[in-house]
file query-v2.tsv (TSV, C-alpha atoms and all ligand atoms)
chain	number	residue	atom	x	y	z
A	1	MET	CA	50.50	106.62	-40.05
A	2	ASP	CA	52.28	108.41	-37.23
A	3	LEU	CA	51.33	111.77	-35.72
A	4	LYS	CA	53.78	113.70	-37.87
A	5	GLU	CA	52.34	112.19	-41.03
A	6	ALA	CA	48.78	112.81	-39.83
A	7	LYS	CA	49.62	116.46	-39.18
A	8	ALA	CA	51.12	116.85	-42.66
A	9	LEU	CA	48.09	115.15	-44.20
A	10	ALA	CA	45.71	117.45	-42.33
A	11	ARG	CA	47.76	120.49	-43.42
A	12	SER	CA	47.51	119.39	-47.06
A	13	ARG	CA	43.73	118.91	-46.97
A	14	MET	CA	42.46	122.16	-45.42
A	15	GLY	CA	42.78	125.92	-45.32
A	16	ASP	CA	44.63	127.84	-42.63
A	17	LYS	CA	41.61	128.45	-40.39
A	18	ARG	CA	40.52	124.82	-40.32
A	19	PHE	CA	44.09	123.69	-39.73
A	20	GLU	CA	44.34	126.05	-36.76
A	21	HIS	CA	41.04	124.59	-35.48
A	22	THR	CA	42.47	121.08	-35.96
A	23	LEU	CA	45.57	121.89	-33.90
A	24	ASN	CA	43.39	123.42	-31.20
A	25	VAL	CA	41.18	120.32	-31.12
A	26	LYS	CA	44.32	118.20	-30.81
A	27	LYS	CA	45.55	120.28	-27.88
A	28	MET	CA	42.22	120.07	-26.06
A	29	ALA	CA	41.78	116.36	-26.82
A	30	VAL	CA	45.27	115.49	-25.53
A	31	LYS	CA	44.63	117.45	-22.34
A	32	MET	CA	41.35	115.59	-21.76
A	33	ALA	CA	42.89	112.22	-22.66
A	34	LYS	CA	45.61	112.65	-20.04
A	35	HIS	CA	43.01	113.71	-17.49
A	36	TYR	CA	40.80	110.67	-18.13
A	37	GLY	CA	43.51	108.03	-18.59
A	38	VAL	CA	43.04	107.66	-22.36
A	39	ASP	CA	46.10	107.25	-24.62
A	40	PRO	CA	47.04	110.82	-25.65
A	41	ASP	CA	48.47	109.57	-28.98
A	42	GLN	CA	45.08	108.08	-29.91
A	43	ALA	CA	43.45	111.41	-29.04
A	44	ALA	CA	46.03	113.35	-31.07
A	45	LEU	CA	45.63	111.08	-34.12
A	46	ALA	CA	41.82	111.23	-34.08
A	47	ALA	CA	41.91	115.01	-33.60
A	48	LEU	CA	44.37	115.56	-36.45
A	49	LEU	CA	42.23	113.52	-38.86
A	50	HIS	CA	38.70	114.44	-37.73
A	51	ASP	CA	38.08	117.23	-40.28
A	52	THR	CA	40.27	115.96	-43.14
A	53	ALA	CA	37.21	115.37	-45.36
A	54	LYS	CA	35.44	118.63	-44.55
A	55	GLU	CA	36.80	120.50	-47.55
A	56	MET	CA	35.98	117.73	-50.04
A	57	PRO	CA	33.19	118.83	-52.37
A	58	ALA	CA	29.83	117.34	-51.33
A	59	ALA	CA	29.61	115.39	-54.59
A	60	ARG	CA	32.94	113.69	-53.86
A	61	GLN	CA	31.89	112.92	-50.30
A	62	LEU	CA	28.72	111.34	-51.66
A	63	GLU	CA	30.72	109.34	-54.19
A	64	LEU	CA	32.97	108.03	-51.40
A	65	LEU	CA	29.98	107.10	-49.22
A	66	ARG	CA	28.35	105.27	-52.14
A	67	SER	CA	31.53	103.34	-52.90
A	68	HIS	CA	31.68	102.06	-49.30
A	69	PRO	CA	28.07	101.23	-48.37
A	70	ASP	CA	29.26	98.94	-45.56
A	71	LEU	CA	31.07	101.86	-43.87
A	72	ALA	CA	28.74	104.71	-44.84
A	73	GLU	CA	26.38	104.45	-41.85
A	74	ASP	CA	23.42	105.38	-44.06
A	75	ALA	CA	24.95	108.87	-44.32
A	76	GLU	CA	23.35	109.49	-47.69
A	77	ASN	CA	19.96	109.65	-46.01
A	78	ARG	CA	21.22	111.92	-43.23
A	79	PRO	CA	21.93	115.68	-43.19
A	80	ALA	CA	24.96	116.61	-45.34
A	81	PRO	CA	26.92	118.27	-42.46
A	82	VAL	CA	27.40	114.82	-40.86
A	83	TRP	CA	29.00	113.29	-43.98
A	84	HIS	CA	32.51	114.63	-43.49
A	85	GLY	CA	33.27	112.68	-40.29
A	86	ILE	CA	32.14	109.42	-41.83
A	87	CYS	CA	34.10	110.20	-45.01
A	88	ALA	CA	37.25	110.95	-43.00
A	89	ALA	CA	36.88	107.64	-41.14
A	90	ILE	CA	36.45	105.78	-44.47
A	91	LEU	CA	39.57	107.42	-45.92
A	92	ALA	CA	41.55	106.79	-42.73
A	93	ARG	CA	40.62	103.11	-42.84
A	94	THR	CA	40.85	102.41	-46.55
A	95	GLU	CA	43.59	104.77	-47.73
A	96	TRP	CA	45.68	105.99	-44.82
A	97	GLY	CA	46.26	102.72	-43.00
A	98	ILE	CA	44.57	103.56	-39.72
A	99	THR	CA	43.56	100.31	-38.01
A	100	ASP	CA	42.79	101.51	-34.47
A	101	GLU	CA	39.01	101.06	-34.20
A	102	ALA	CA	38.75	103.56	-31.33
A	103	VAL	CA	40.41	106.25	-33.45
A	104	LEU	CA	38.26	105.44	-36.50
A	105	SER	CA	35.13	105.53	-34.33
A	106	ALA	CA	36.00	108.90	-32.80
A	107	ILE	CA	36.63	110.42	-36.24
A	108	GLY	CA	33.39	108.98	-37.62
A	109	CYS	CA	31.07	110.17	-34.87
A	110	HIS	CA	32.64	113.54	-34.06
A	111	THR	CA	29.70	115.53	-35.43
A	112	THR	CA	26.74	113.56	-34.11
A	113	GLY	CA	27.96	111.28	-31.38
A	114	LYS	CA	26.43	107.79	-31.33
A	115	PRO	CA	24.79	105.55	-28.78
A	116	GLY	CA	27.29	103.78	-26.53
A	117	MET	CA	30.14	106.25	-27.11
A	118	GLY	CA	33.54	105.33	-25.67
A	119	ALA	CA	35.81	107.73	-23.79
A	120	LEU	CA	37.80	108.66	-26.91
A	121	ASP	CA	34.58	109.34	-28.88
A	122	LYS	CA	33.41	111.72	-26.15
A	123	ILE	CA	36.80	113.42	-25.90
A	124	ILE	CA	36.97	114.18	-29.64
A	125	PHE	CA	33.33	115.30	-29.77
A	126	LEU	CA	33.84	117.67	-26.84
A	127	ALA	CA	37.30	118.89	-27.91
A	128	ASP	CA	35.79	119.79	-31.30
A	129	MET	CA	33.14	121.93	-29.58
A	130	THR	CA	35.46	123.59	-27.06
A	131	SER	CA	38.73	124.09	-28.98
A	132	ALA	CA	40.52	127.35	-28.16
A	133	GLU	CA	39.14	129.38	-31.09
A	134	ARG	CA	35.48	128.60	-30.25
A	135	SER	CA	33.63	131.50	-28.70
A	136	TRP	CA	29.95	130.49	-28.62
A	137	GLU	CA	27.93	131.41	-25.57
A	138	GLY	CA	28.36	128.70	-22.96
A	139	VAL	CA	31.70	127.38	-24.23
A	140	GLU	CA	33.48	128.35	-21.01
A	141	GLU	CA	31.03	126.33	-18.93
A	142	LEU	CA	31.45	123.30	-21.21
A	143	ARG	CA	35.25	123.66	-20.97
A	144	ARG	CA	34.89	123.47	-17.20
A	145	LEU	CA	32.41	120.60	-17.22
A	146	GLU	CA	34.37	118.42	-19.67
A	147	MET	CA	37.27	118.29	-17.19
A	148	VAL	CA	34.89	117.19	-14.41
A	149	ASP	CA	32.59	114.58	-15.95
A	150	LEU	CA	32.59	113.36	-19.55
A	151	ASP	CA	28.96	112.16	-19.49
A	152	GLU	CA	27.57	115.28	-17.94
A	153	ALA	CA	29.55	117.35	-20.45
A	154	MET	CA	28.24	115.22	-23.34
A	155	LEU	CA	24.67	115.62	-22.18
A	156	SER	CA	25.10	119.38	-21.93
A	157	ALA	CA	26.86	119.50	-25.33
A	158	LEU	CA	24.11	117.48	-27.02
A	159	GLU	CA	21.43	119.66	-25.47
A	160	GLN	CA	23.14	122.65	-27.08
A	161	THR	CA	23.89	121.17	-30.50
A	162	VAL	CA	20.51	119.50	-30.98
A	163	GLY	CA	18.83	122.68	-29.68
A	164	TYR	CA	20.87	124.80	-32.10
A	165	VAL	CA	19.91	122.65	-35.08
A	166	ILE	CA	16.24	122.80	-34.12
A	167	ARG	CA	16.35	126.59	-33.60
A	168	SER	CA	17.99	127.13	-36.98
A	169	GLY	CA	15.18	125.15	-38.60
A	170	LYS	CA	17.43	122.38	-39.92
A	171	PRO	CA	16.69	118.67	-39.67
A	172	VAL	CA	18.11	116.92	-36.59
A	173	ASP	CA	20.26	113.95	-37.49
A	174	PRO	CA	18.54	110.85	-36.07
A	175	MET	CA	21.91	109.67	-34.73
A	176	SER	CA	22.25	112.86	-32.63
A	177	ALA	CA	18.77	112.34	-31.25
A	178	ARG	CA	19.56	108.69	-30.43
A	179	THR	CA	22.86	109.68	-28.79
A	180	TYR	CA	21.05	112.20	-26.63
A	181	GLU	CA	18.41	109.64	-25.57
A	182	ASP	CA	21.14	107.08	-24.87
A	183	LEU	CA	23.07	109.50	-22.65
A	184	LYS	CA	19.94	110.52	-20.78
A	185	ARG	CA	19.15	106.85	-20.16
A	186	THR	CA	22.60	105.82	-18.98
A	187	PHE	CA	23.41	108.95	-17.02
A	188	ALA	CA	21.09	109.28	-14.04
A	189	PRO	CA	20.87	112.93	-12.92
A	190	ALA	CA	19.91	111.67	-9.44
A	191	ALA	CA	23.47	110.40	-9.03
A	192	ARG	CA	24.97	113.87	-9.59
B	201	FE	FE	33.89	118.29	-38.19
B	202	FE	FE	36.17	120.09	-36.20

call {"tool": "encode", "arguments": {"input": "query-v2.tsv", "output": "structure tokens", "more": "lines below"}}
Ligand SMILES: [Fe+2]
Ligand SMILES: [Fe+2]
result
Amino acid sequence: MDLKEAKALARSRMGDKRFEHTLNVKKMAVKMAKHYGVDPDQAALAALLHDTAKEMPAARQLELLRSHPDLAEDAENRPAPVWHGICAAILARTEWGITDEAVLSAIGCHTTGKPGMGALDKIIFLADMTSAERSWEGVEELRRLEMVDLDEAMLSALEQTVGYVIRSGKPVDPMSARTYEDLKRTFAPAAR
């Protein structure tokens, strides 16, 4: 699947607002990829596909996860908002012919991160949080930080997302918590 086909697929699977978000994520991800020496086409492809399962009904997402237990990352036992990334990665791999493991990984972990994230994983995670239409308090600072240091930006992003989930009284996905611990361990603040 080339970028043109991925864009058409994304367009066909989401409403106008989410498609606009998708294009904004793509723009931000390509900018970061160029800055950090990552292939911009990989970033564009992952960005275009990252939310392609978000408008699937939850029951269909669950059905897809159950039909691919080897790829489902135990999603069924995790909070429902994390399902759509894993579902999009499953569809990309099994139905849309995507074979690039880095792209599949970035799609799959865009909501929660995961321990040992690669550069493309971090770029898609951060681009999703800082795309042009986002206006949450602190987004400007994260937009600055993500062009300076990917790890520091990830740590700051995780602090905010995990904190937000806790404050809204929802369960924290164990993968997010593990990602946060992993980043804290590997990124020594003393070296800043
Ligand atoms: Fe998403
Ligand atoms: Fe998104």

call {"tool": "atom_distance", "arguments": {"input": "query-v2.tsv", "atom1": "CA of Val25 (chain A)", "atom2": "CA of Ala47 (chain A)"}}
result
5.9 Å

call {"tool": "atom_distance", "arguments": {"input": "query-v2.tsv", "atom1": "CA of Lys114 (chain A)", "atom2": "CA of Lys4 (chain A)"}}
result
28.7 Å

call {"tool": "residues_around", "arguments": {"input": "query-v2.tsv", "residues": "Leu91 (chain A)", "least_positions_apart": "5", "cutoff": "10 Å", "atoms": "only C-alpha atoms", "output": "number ranges by chain"}}
result
A: 49, 52-53, 64, 85-86, 96-98, 104

call {"tool": "write_last_selection", "arguments": {"input": "query-v2.tsv", "atoms": "C-alpha atoms", "output": "tab-separated table (two decimals), in the coordinates of the input"}}
result
chain	number	residue	atom	x	y	z
A	49	LEU	CA	42.23	113.52	-38.86
A	52	THR	CA	40.27	115.96	-43.14
A	53	ALA	CA	37.21	115.37	-45.36
A	64	LEU	CA	32.97	108.03	-51.40
A	85	GLY	CA	33.27	112.68	-40.29
A	86	ILE	CA	32.14	109.42	-41.83
A	96	TRP	CA	45.68	105.99	-44.82
A	97	GLY	CA	46.26	102.72	-43.00
A	98	ILE	CA	44.57	103.56	-39.72
A	104	LEU	CA	38.26	105.44	-36.50

call {"tool": "residues_near_ligand", "arguments": {"input": "query-v2.tsv", "ligand": "ligand FE 201 (chain B)", "cutoff": "9 Å", "atoms": "all atoms listed in the file", "output": "VMD selection string"}}
result
chain A and resid 50 to 54 81 to 82 84 to 85 107 110 to 111 125 128

call {"tool": "write_last_selection", "arguments": {"input": "query-v2.tsv", "atoms": "C-alpha atoms", "output": "compact mmCIF listing (two decimals), keeping the file's coordinate frame"}}
result
# COMPACT_ATOMS: atom_id res chain seq x y z
CA HIS A 50 38.70 114.44 -37.73
CA ASP A 51 38.08 117.23 -40.28
CA THR A 52 40.27 115.96 -43.14
CA ALA A 53 37.21 115.37 -45.36
CA LYS A 54 35.44 118.63 -44.55
CA PRO A 81 26.92 118.27 -42.46
CA VAL A 82 27.40 114.82 -40.86
CA HIS A 84 32.51 114.63 -43.49
CA GLY A 85 33.27 112.68 -40.29
CA ILE A 107 36.63 110.42 -36.24
CA HIS A 110 32.64 113.54 -34.06
CA THR A 111 29.70 115.53 -35.43
CA PHE A 125 33.33 115.30 -29.77
CA ASP A 128 35.79 119.79 -31.30

call {"tool": "residues_around", "arguments": {"input": "query-v2.tsv", "residues": "Lys122 (chain A)", "least_positions_apart": "2", "cutoff": "10 Å", "atoms": "all atoms listed in the file", "output": "PyMOL selection string"}}
result
chain A and resi 29+32+106+109-110+113-114+117-120+124-128+146+150-151+153-154

call {"tool": "closest_residue", "arguments": {"input": "query-v2.tsv", "among": "A:Gln61, A:Gly163, A:Ser168, A:Met56", "to": "Gly15 (chain A)", "atoms": "all atoms listed in the file"}}
result
A:Met56

call {"tool": "closest_residue", "arguments": {"input": "query-v2.tsv", "among": "A:Ala44, A:Ala72, A:Val30, A:Val38", "to": "Glu5 (chain A)", "atoms": "only C-alpha atoms"}}
result
A:Ala44

call {"tool": "closest_residue", "arguments": {"input": "query-v2.tsv", "among": "A:Leu48, A:Gly169, A:Ala33, A:Met28", "to": "Ala8 (chain A)", "atoms": "all atoms listed in the file"}}
result
A:Leu48

call {"tool": "decode", "arguments": {"input": "query-v2.tsv", "residues": "region 42-104 of chain A", "atoms": "C-alpha atoms", "output": "mmCIF file, in the first residue's frame"}}
result
data_model
loop_
_atom_site.group_PDB
_atom_site.id
_atom_site.type_symbol
_atom_site.label_atom_id
_atom_site.label_comp_id
_atom_site.auth_asym_id
_atom_site.auth_seq_id
_atom_site.Cartn_x
_atom_site.Cartn_y
_atom_site.Cartn_z
ATOM 1 C CA GLN A 42 7.352 5.443 7.119
ATOM 2 C CA ALA A 43 6.142 8.284 9.344
ATOM 3 C CA ALA A 44 3.511 9.338 6.796
ATOM 4 C CA LEU A 45 2.215 5.771 6.363
ATOM 5 C CA ALA A 46 1.968 5.109 10.112
ATOM 6 C CA ALA A 47 0.280 8.479 10.664
ATOM 7 C CA LEU A 48 -2.271 7.932 7.887
ATOM 8 C CA LEU A 49 -3.243 4.521 9.286
ATOM 9 C CA HIS A 50 -2.995 5.126 13.051
ATOM 10 C CA ASP A 51 -6.692 5.914 13.672
ATOM 11 C CA THR A 52 -8.258 3.821 10.890
ATOM 12 C CA ALA A 53 -9.925 1.503 13.429
ATOM 13 C CA LYS A 54 -11.147 4.228 15.773
ATOM 14 C CA GLU A 55 -14.608 4.444 14.254
ATOM 15 C CA MET A 56 -15.184 0.679 14.243
ATOM 16 C CA PRO A 57 -17.874 -0.251 16.758
ATOM 17 C CA ALA A 58 -16.354 -1.634 19.976
ATOM 18 C CA ALA A 59 -17.993 -5.013 19.377
ATOM 19 C CA ARG A 60 -16.277 -5.318 15.992
ATOM 20 C CA GLN A 61 -12.949 -4.273 17.471
ATOM 21 C CA LEU A 62 -13.359 -6.965 20.103
ATOM 22 C CA GLU A 63 -14.250 -9.527 17.455
ATOM 23 C CA LEU A 64 -11.094 -8.633 15.503
ATOM 24 C CA LEU A 65 -8.919 -8.869 18.625
ATOM 25 C CA ARG A 66 -10.417 -12.270 19.478
ATOM 26 C CA SER A 67 -9.823 -13.576 15.971
ATOM 27 C CA HIS A 68 -6.104 -12.674 16.200
ATOM 28 C CA PRO A 69 -5.063 -13.626 19.748
ATOM 29 C CA ASP A 70 -1.394 -13.745 18.690
ATOM 30 C CA LEU A 71 -1.518 -10.076 17.629
ATOM 31 C CA ALA A 72 -4.021 -8.755 20.184
ATOM 32 C CA GLU A 73 -1.508 -7.876 22.922
ATOM 33 C CA ASP A 74 -4.013 -8.922 25.596
ATOM 34 C CA ALA A 75 -6.084 -5.872 24.589
ATOM 35 C CA GLU A 76 -9.307 -7.504 25.698
ATOM 36 C CA ASN A 77 -8.169 -7.197 29.304
ATOM 37 C CA ARG A 78 -7.056 -3.589 28.861
ATOM 38 C CA PRO A 79 -9.071 -0.343 28.729
ATOM 39 C CA ALA A 80 -11.220 -0.076 25.569
ATOM 40 C CA PRO A 81 -9.646 3.230 24.370
ATOM 41 C CA VAL A 82 -6.382 1.362 23.637
ATOM 42 C CA TRP A 83 -8.045 -1.215 21.352
ATOM 43 C CA HIS A 84 -8.204 0.891 18.200
ATOM 44 C CA GLY A 85 -4.429 1.166 17.683
ATOM 45 C CA ILE A 86 -3.952 -2.571 18.052
ATOM 46 C CA CYS A 87 -6.927 -3.210 15.747
ATOM 47 C CA ALA A 88 -5.516 -0.847 13.105
ATOM 48 C CA ALA A 89 -2.156 -2.655 13.267
ATOM 49 C CA ILE A 90 -3.910 -6.038 12.879
ATOM 50 C CA LEU A 91 -5.876 -4.804 9.849
ATOM 51 C CA ALA A 92 -2.772 -3.196 8.330
ATOM 52 C CA ARG A 93 -0.866 -6.467 8.669
ATOM 53 C CA THR A 94 -3.553 -8.974 7.745
ATOM 54 C CA GLU A 95 -5.704 -7.084 5.236
ATOM 55 C CA TRP A 96 -3.852 -4.087 3.849
ATOM 56 C CA GLY A 97 -0.503 -5.674 3.075
ATOM 57 C CA ILE A 98 1.672 -3.592 5.377
ATOM 58 C CA THR A 99 4.845 -5.555 6.144
ATOM 59 C CA ASP A 100 7.081 -2.861 7.645
ATOM 60 C CA GLU A 101 7.365 -3.886 11.309
ATOM 61 C CA ALA A 102 8.354 -0.359 12.392
ATOM 62 C CA VAL A 103 5.184 1.069 10.837
ATOM 63 C CA LEU A 104 2.994 -1.686 12.333
#
